[in-house]
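To keep things clear, I will list the structure first and then write my remarks on it.
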Amino acid sequence: KEKAEFSLPFGPRKQNILLLGVDSNGEDSDIWEGTRTDTIVVLNIDPKSKSLNAISIPRDSKVYLPGNNGIQKINAAHAIGGIKMTIRTIEDTLGIRIDKYIMVHDEAVKKIVEALGGVDIYVKKNMHYNDYSGNLHINLTKGRHHLNADEVVGYLRFRHDAMGDIGRTQRQQWFLRGLL
């Protein structure tokens, strides 16, 4: 059996990469300032053991924010103090060091999916939701699908079921697996 090569652009040592997906503050606003992080995933890359592990942090998790900001939902860290507060909050909460971060918005996810020609994902259950003010329309049926860019964003943002944000974090991980 052939052994797959394992090379990463992040270097030869173990690293923690913070993956953040930000929301929007409305039209004509800076998506990188004052936005909440709706996706928070810590990726641990270990070239020595040739492993990649991920832990999702639900956006509504209650944490202590540094700088006398008290107990807040973790996704507020970026809105209050930007990337520096977000990283410090994650490091303090989990007792780890964040080496690098990647921050994306829905449009970046769409561009990645378009560049790949779609992503294969198994949709675990029917997902239907319409938010006309946010221009979000989700209409996915249970089963294996080759999702286009808009469908992927809907799949990733959906949280209108009994699982709420926990279900959304699962889908985010399944998407990352499908993307890889």
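FYI, nothing fancy with the structure tokens labels: chains A, B, ... in order, residues from 1 per chain, ligands from 1 as they appear.
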Practice task
Using backbone DSSP assignments, extract all alpha helix (DSSP H) residues from segment 30-143 of chain A; output them as an MDAnalysis selection string.
Solution key: chainID A and resid 76:94 106:116
Kindly export the residues of the current selection with N, CA, C and O atoms, as a CSV table (one decimal), in the first residue's frame.
chain,number,residue,atom,x,y,z
A,76,ALA,N,-18.8,37.1,20.7
A,76,ALA,CA,-18.8,38.6,20.9
A,76,ALA,C,-17.3,39.1,21.0
A,76,ALA,O,-17.1,40.3,20.9
A,77,ALA,N,-16.4,38.2,21.3
A,77,ALA,CA,-15.0,38.6,21.4
A,77,ALA,C,-14.5,39.4,20.2
A,77,ALA,O,-13.9,40.5,20.4
A,78,HIS,N,-14.8,39.0,19.0
A,78,HIS,CA,-14.3,39.7,17.9
A,78,HIS,C,-15.0,41.0,17.7
A,78,HIS,O,-14.4,42.0,17.3
A,79,ALA,N,-16.3,41.0,18.0
A,79,ALA,CA,-17.1,42.3,17.8
A,79,ALA,C,-16.6,43.3,18.8
A,79,ALA,O,-16.6,44.5,18.5
A,80,ILE,N,-16.2,42.9,20.0
A,80,ILE,CA,-15.8,43.9,21.0
A,80,ILE,C,-14.3,44.2,20.9
A,80,ILE,O,-13.9,45.4,20.9
A,81,GLY,N,-13.4,43.2,20.7
A,81,GLY,CA,-12.0,43.5,20.7
A,81,GLY,C,-11.2,43.0,19.5
A,81,GLY,O,-10.0,42.9,19.5
A,82,GLY,N,-11.9,42.6,18.4
A,82,GLY,CA,-11.2,42.2,17.2
A,82,GLY,C,-10.5,40.9,17.3
A,82,GLY,O,-10.7,40.1,18.3
A,83,ILE,N,-9.6,40.6,16.4
A,83,ILE,CA,-8.9,39.4,16.4
A,83,ILE,C,-8.0,39.1,17.6
A,83,ILE,O,-7.9,38.0,18.1
A,84,LYS,N,-7.4,40.2,18.1
A,84,LYS,CA,-6.5,40.0,19.3
A,84,LYS,C,-7.3,39.5,20.5
A,84,LYS,O,-6.9,38.6,21.2
A,85,MET,N,-8.5,40.1,20.7
A,85,MET,CA,-9.3,39.6,21.9
A,85,MET,C,-9.8,38.2,21.6
A,85,MET,O,-9.9,37.4,22.5
A,86,THR,N,-10.2,37.9,20.4
A,86,THR,CA,-10.6,36.6,20.0
A,86,THR,C,-9.6,35.5,20.3
A,86,THR,O,-9.8,34.5,21.0
A,87,ILE,N,-8.4,35.8,19.8
A,87,ILE,CA,-7.3,34.8,20.1
A,87,ILE,C,-7.0,34.7,21.5
A,87,ILE,O,-6.9,33.6,22.0
A,88,ARG,N,-6.9,35.8,22.2
A,88,ARG,CA,-6.6,35.7,23.7
A,88,ARG,C,-7.7,35.0,24.4
A,88,ARG,O,-7.4,34.2,25.3
A,89,THR,N,-9.0,35.2,24.1
A,89,THR,CA,-10.1,34.5,24.7
A,89,THR,C,-10.0,33.0,24.5
A,89,THR,O,-10.1,32.2,25.4
A,90,ILE,N,-9.7,32.6,23.3
A,90,ILE,CA,-9.5,31.1,22.9
A,90,ILE,C,-8.3,30.5,23.7
A,90,ILE,O,-8.4,29.5,24.3
A,91,GLU,N,-7.2,31.3,23.7
A,91,GLU,CA,-6.0,30.8,24.4
A,91,GLU,C,-6.3,30.6,25.9
A,91,GLU,O,-5.9,29.6,26.5
A,92,ASP,N,-6.9,31.6,26.5
A,92,ASP,CA,-7.2,31.6,27.9
A,92,ASP,C,-8.2,30.5,28.3
A,92,ASP,O,-8.1,29.8,29.3
A,93,THR,N,-9.2,30.3,27.4
A,93,THR,CA,-10.3,29.4,27.7
A,93,THR,C,-9.8,27.9,27.5
A,93,THR,O,-10.1,27.1,28.4
A,94,LEU,N,-9.0,27.7,26.5
A,94,LEU,CA,-8.6,26.3,26.2
A,94,LEU,C,-7.2,26.0,26.8
A,94,LEU,O,-6.8,24.8,26.7
A,106,ASP,N,-18.7,34.6,4.2
A,106,ASP,CA,-19.5,33.8,3.2
A,106,ASP,C,-19.0,33.9,1.8
A,106,ASP,O,-19.0,32.9,1.1
A,107,GLU,N,-18.6,35.0,1.4
A,107,GLU,CA,-18.2,35.2,0.0
A,107,GLU,C,-16.9,34.4,-0.3
A,107,GLU,O,-16.7,33.9,-1.4
A,108,ALA,N,-16.0,34.3,0.7
A,108,ALA,CA,-14.8,33.6,0.5
A,108,ALA,C,-15.1,32.1,0.4
A,108,ALA,O,-14.5,31.4,-0.4
A,109,VAL,N,-16.0,31.6,1.2
A,109,VAL,CA,-16.5,30.2,1.2
A,109,VAL,C,-17.0,29.9,-0.2
A,109,VAL,O,-16.7,28.9,-0.8
A,110,LYS,N,-17.9,30.8,-0.7
A,110,LYS,CA,-18.5,30.7,-2.0
A,110,LYS,C,-17.4,30.5,-3.1
A,110,LYS,O,-17.4,29.7,-4.0
A,111,LYS,N,-16.4,31.4,-3.1
A,111,LYS,CA,-15.3,31.4,-4.1
A,111,LYS,C,-14.5,30.1,-4.0
A,111,LYS,O,-14.2,29.6,-5.1
A,112,ILE,N,-14.3,29.6,-2.8
A,112,ILE,CA,-13.5,28.3,-2.7
A,112,ILE,C,-14.3,27.2,-3.3
A,112,ILE,O,-13.8,26.4,-4.1
A,113,VAL,N,-15.6,27.1,-3.0
A,113,VAL,CA,-16.5,26.1,-3.5
A,113,VAL,C,-16.6,26.2,-5.0
A,113,VAL,O,-16.6,25.2,-5.7
A,114,GLU,N,-16.8,27.4,-5.5
A,114,GLU,CA,-16.9,27.6,-7.0
A,114,GLU,C,-15.6,27.1,-7.7
A,114,GLU,O,-15.6,26.5,-8.7
A,115,ALA,N,-14.4,27.4,-7.1
A,115,ALA,CA,-13.1,27.0,-7.6
A,115,ALA,C,-13.0,25.5,-7.7
A,115,ALA,O,-12.4,25.0,-8.6
A,116,LEU,N,-13.6,24.8,-6.8
A,116,LEU,CA,-13.6,23.4,-6.7
A,116,LEU,C,-14.7,22.7,-7.6
A,116,LEU,O,-14.8,21.5,-7.7
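Here the DSSP assignment of strand (DSSP E or B), based on backbone atoms, applies within segment 87-162 of chain A to A:Lys100, A:Tyr101, A:Ile102, A:Met103, A:Val104, A:Val119, A:Asp120, A:Ile121, A:Tyr122, A:Val123, A:Met127, A:His128, A:Tyr129, A:Asn130, A:Asp131, A:Leu136, A:His137, A:Ile138, A:Asn139, A:Leu140, A:Gly143, A:Arg144, A:His145, A:His146, A:Leu147.
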Can you write out the residues you just picked, keeping C-alpha atoms, as a PDB file, in the first residue's frame?
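The file below, part.pdb, is the result:
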ATOM      1  CA  LYS A 100      -1.978  31.486  13.096  1.00  0.00           C
ATOM      2  CA  TYR A 101      -5.501  32.364  12.148  1.00  0.00           C
ATOM      3  CA  ILE A 102      -7.656  32.295   9.041  1.00  0.00           C
ATOM      4  CA  MET A 103     -10.739  34.475   8.898  1.00  0.00           C
ATOM      5  CA  VAL A 104     -13.329  34.121   6.139  1.00  0.00           C
ATOM      6  CA  VAL A 119     -18.441  19.952  -2.715  1.00  0.00           C
ATOM      7  CA  ASP A 120     -19.843  16.484  -2.029  1.00  0.00           C
ATOM      8  CA  ILE A 121     -21.717  16.365   1.284  1.00  0.00           C
ATOM      9  CA  TYR A 122     -24.213  13.981   2.838  1.00  0.00           C
ATOM     10  CA  VAL A 123     -27.149  16.035   4.147  1.00  0.00           C
ATOM     11  CA  MET A 127     -33.179  21.512   5.787  1.00  0.00           C
ATOM     12  CA  HIS A 128     -35.679  24.229   4.870  1.00  0.00           C
ATOM     13  CA  TYR A 129     -35.457  27.847   5.966  1.00  0.00           C
ATOM     14  CA  ASN A 130     -36.129  31.269   4.442  1.00  0.00           C
ATOM     15  CA  ASP A 131     -34.844  34.560   5.821  1.00  0.00           C
ATOM     16  CA  LEU A 136     -30.820  33.381   3.038  1.00  0.00           C
ATOM     17  CA  HIS A 137     -32.821  30.581   1.450  1.00  0.00           C
ATOM     18  CA  ILE A 138     -32.084  26.975   2.366  1.00  0.00           C
ATOM     19  CA  ASN A 139     -33.844  24.097   0.634  1.00  0.00           C
ATOM     20  CA  LEU A 140     -31.866  20.874   0.994  1.00  0.00           C
ATOM     21  CA  GLY A 143     -29.142  12.425   1.105  1.00  0.00           C
ATOM     22  CA  ARG A 144     -25.851  12.712  -0.759  1.00  0.00           C
ATOM     23  CA  HIS A 145     -25.493  15.924  -2.753  1.00  0.00           C
ATOM     24  CA  HIS A 146     -22.952  17.798  -4.805  1.00  0.00           C
ATOM     25  CA  LEU A 147     -23.579  21.265  -3.355  1.00  0.00           C
TER      26      LEU A 147
END
- For segment 47-63 of chain A, please output as a list of chain:residue names all residues within 8 Å (counting only C-alpha atoms; exclusion window: fewer than 3 positions along the same chain). A:Phe6, A:Ser7, A:Leu8, A:Pro12, A:Arg13, A:Lys14, A:Thr37, A:Asp38, A:Thr39, A:Ile40, A:Val41, A:Val42, A:Leu43, A:Asn44, A:Ile71, A:Gln72, A:Lys73, A:Ile74, A:Asn75, A:Thr89, A:Thr93, A:Asp165, A:Ile166, A:Thr169, A:Gln173
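Comparing A:Lys124, A:Asn148, A:Pro66, A:Lys142 by their smallest distance to Arg171 of chain A, the closest is A:Lys124 (using only C-alpha atoms).
Computed from the coordinates, the atom CA of Arg168 of chain A to atom CA of Asp46 of chain A distance equals 26.0 Å.
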If you count only C-alpha atoms, the residue of A:Asn16, A:Asn135, A:His105, A:Asp99 closest to Arg36 of chain A turns out to be A:His105
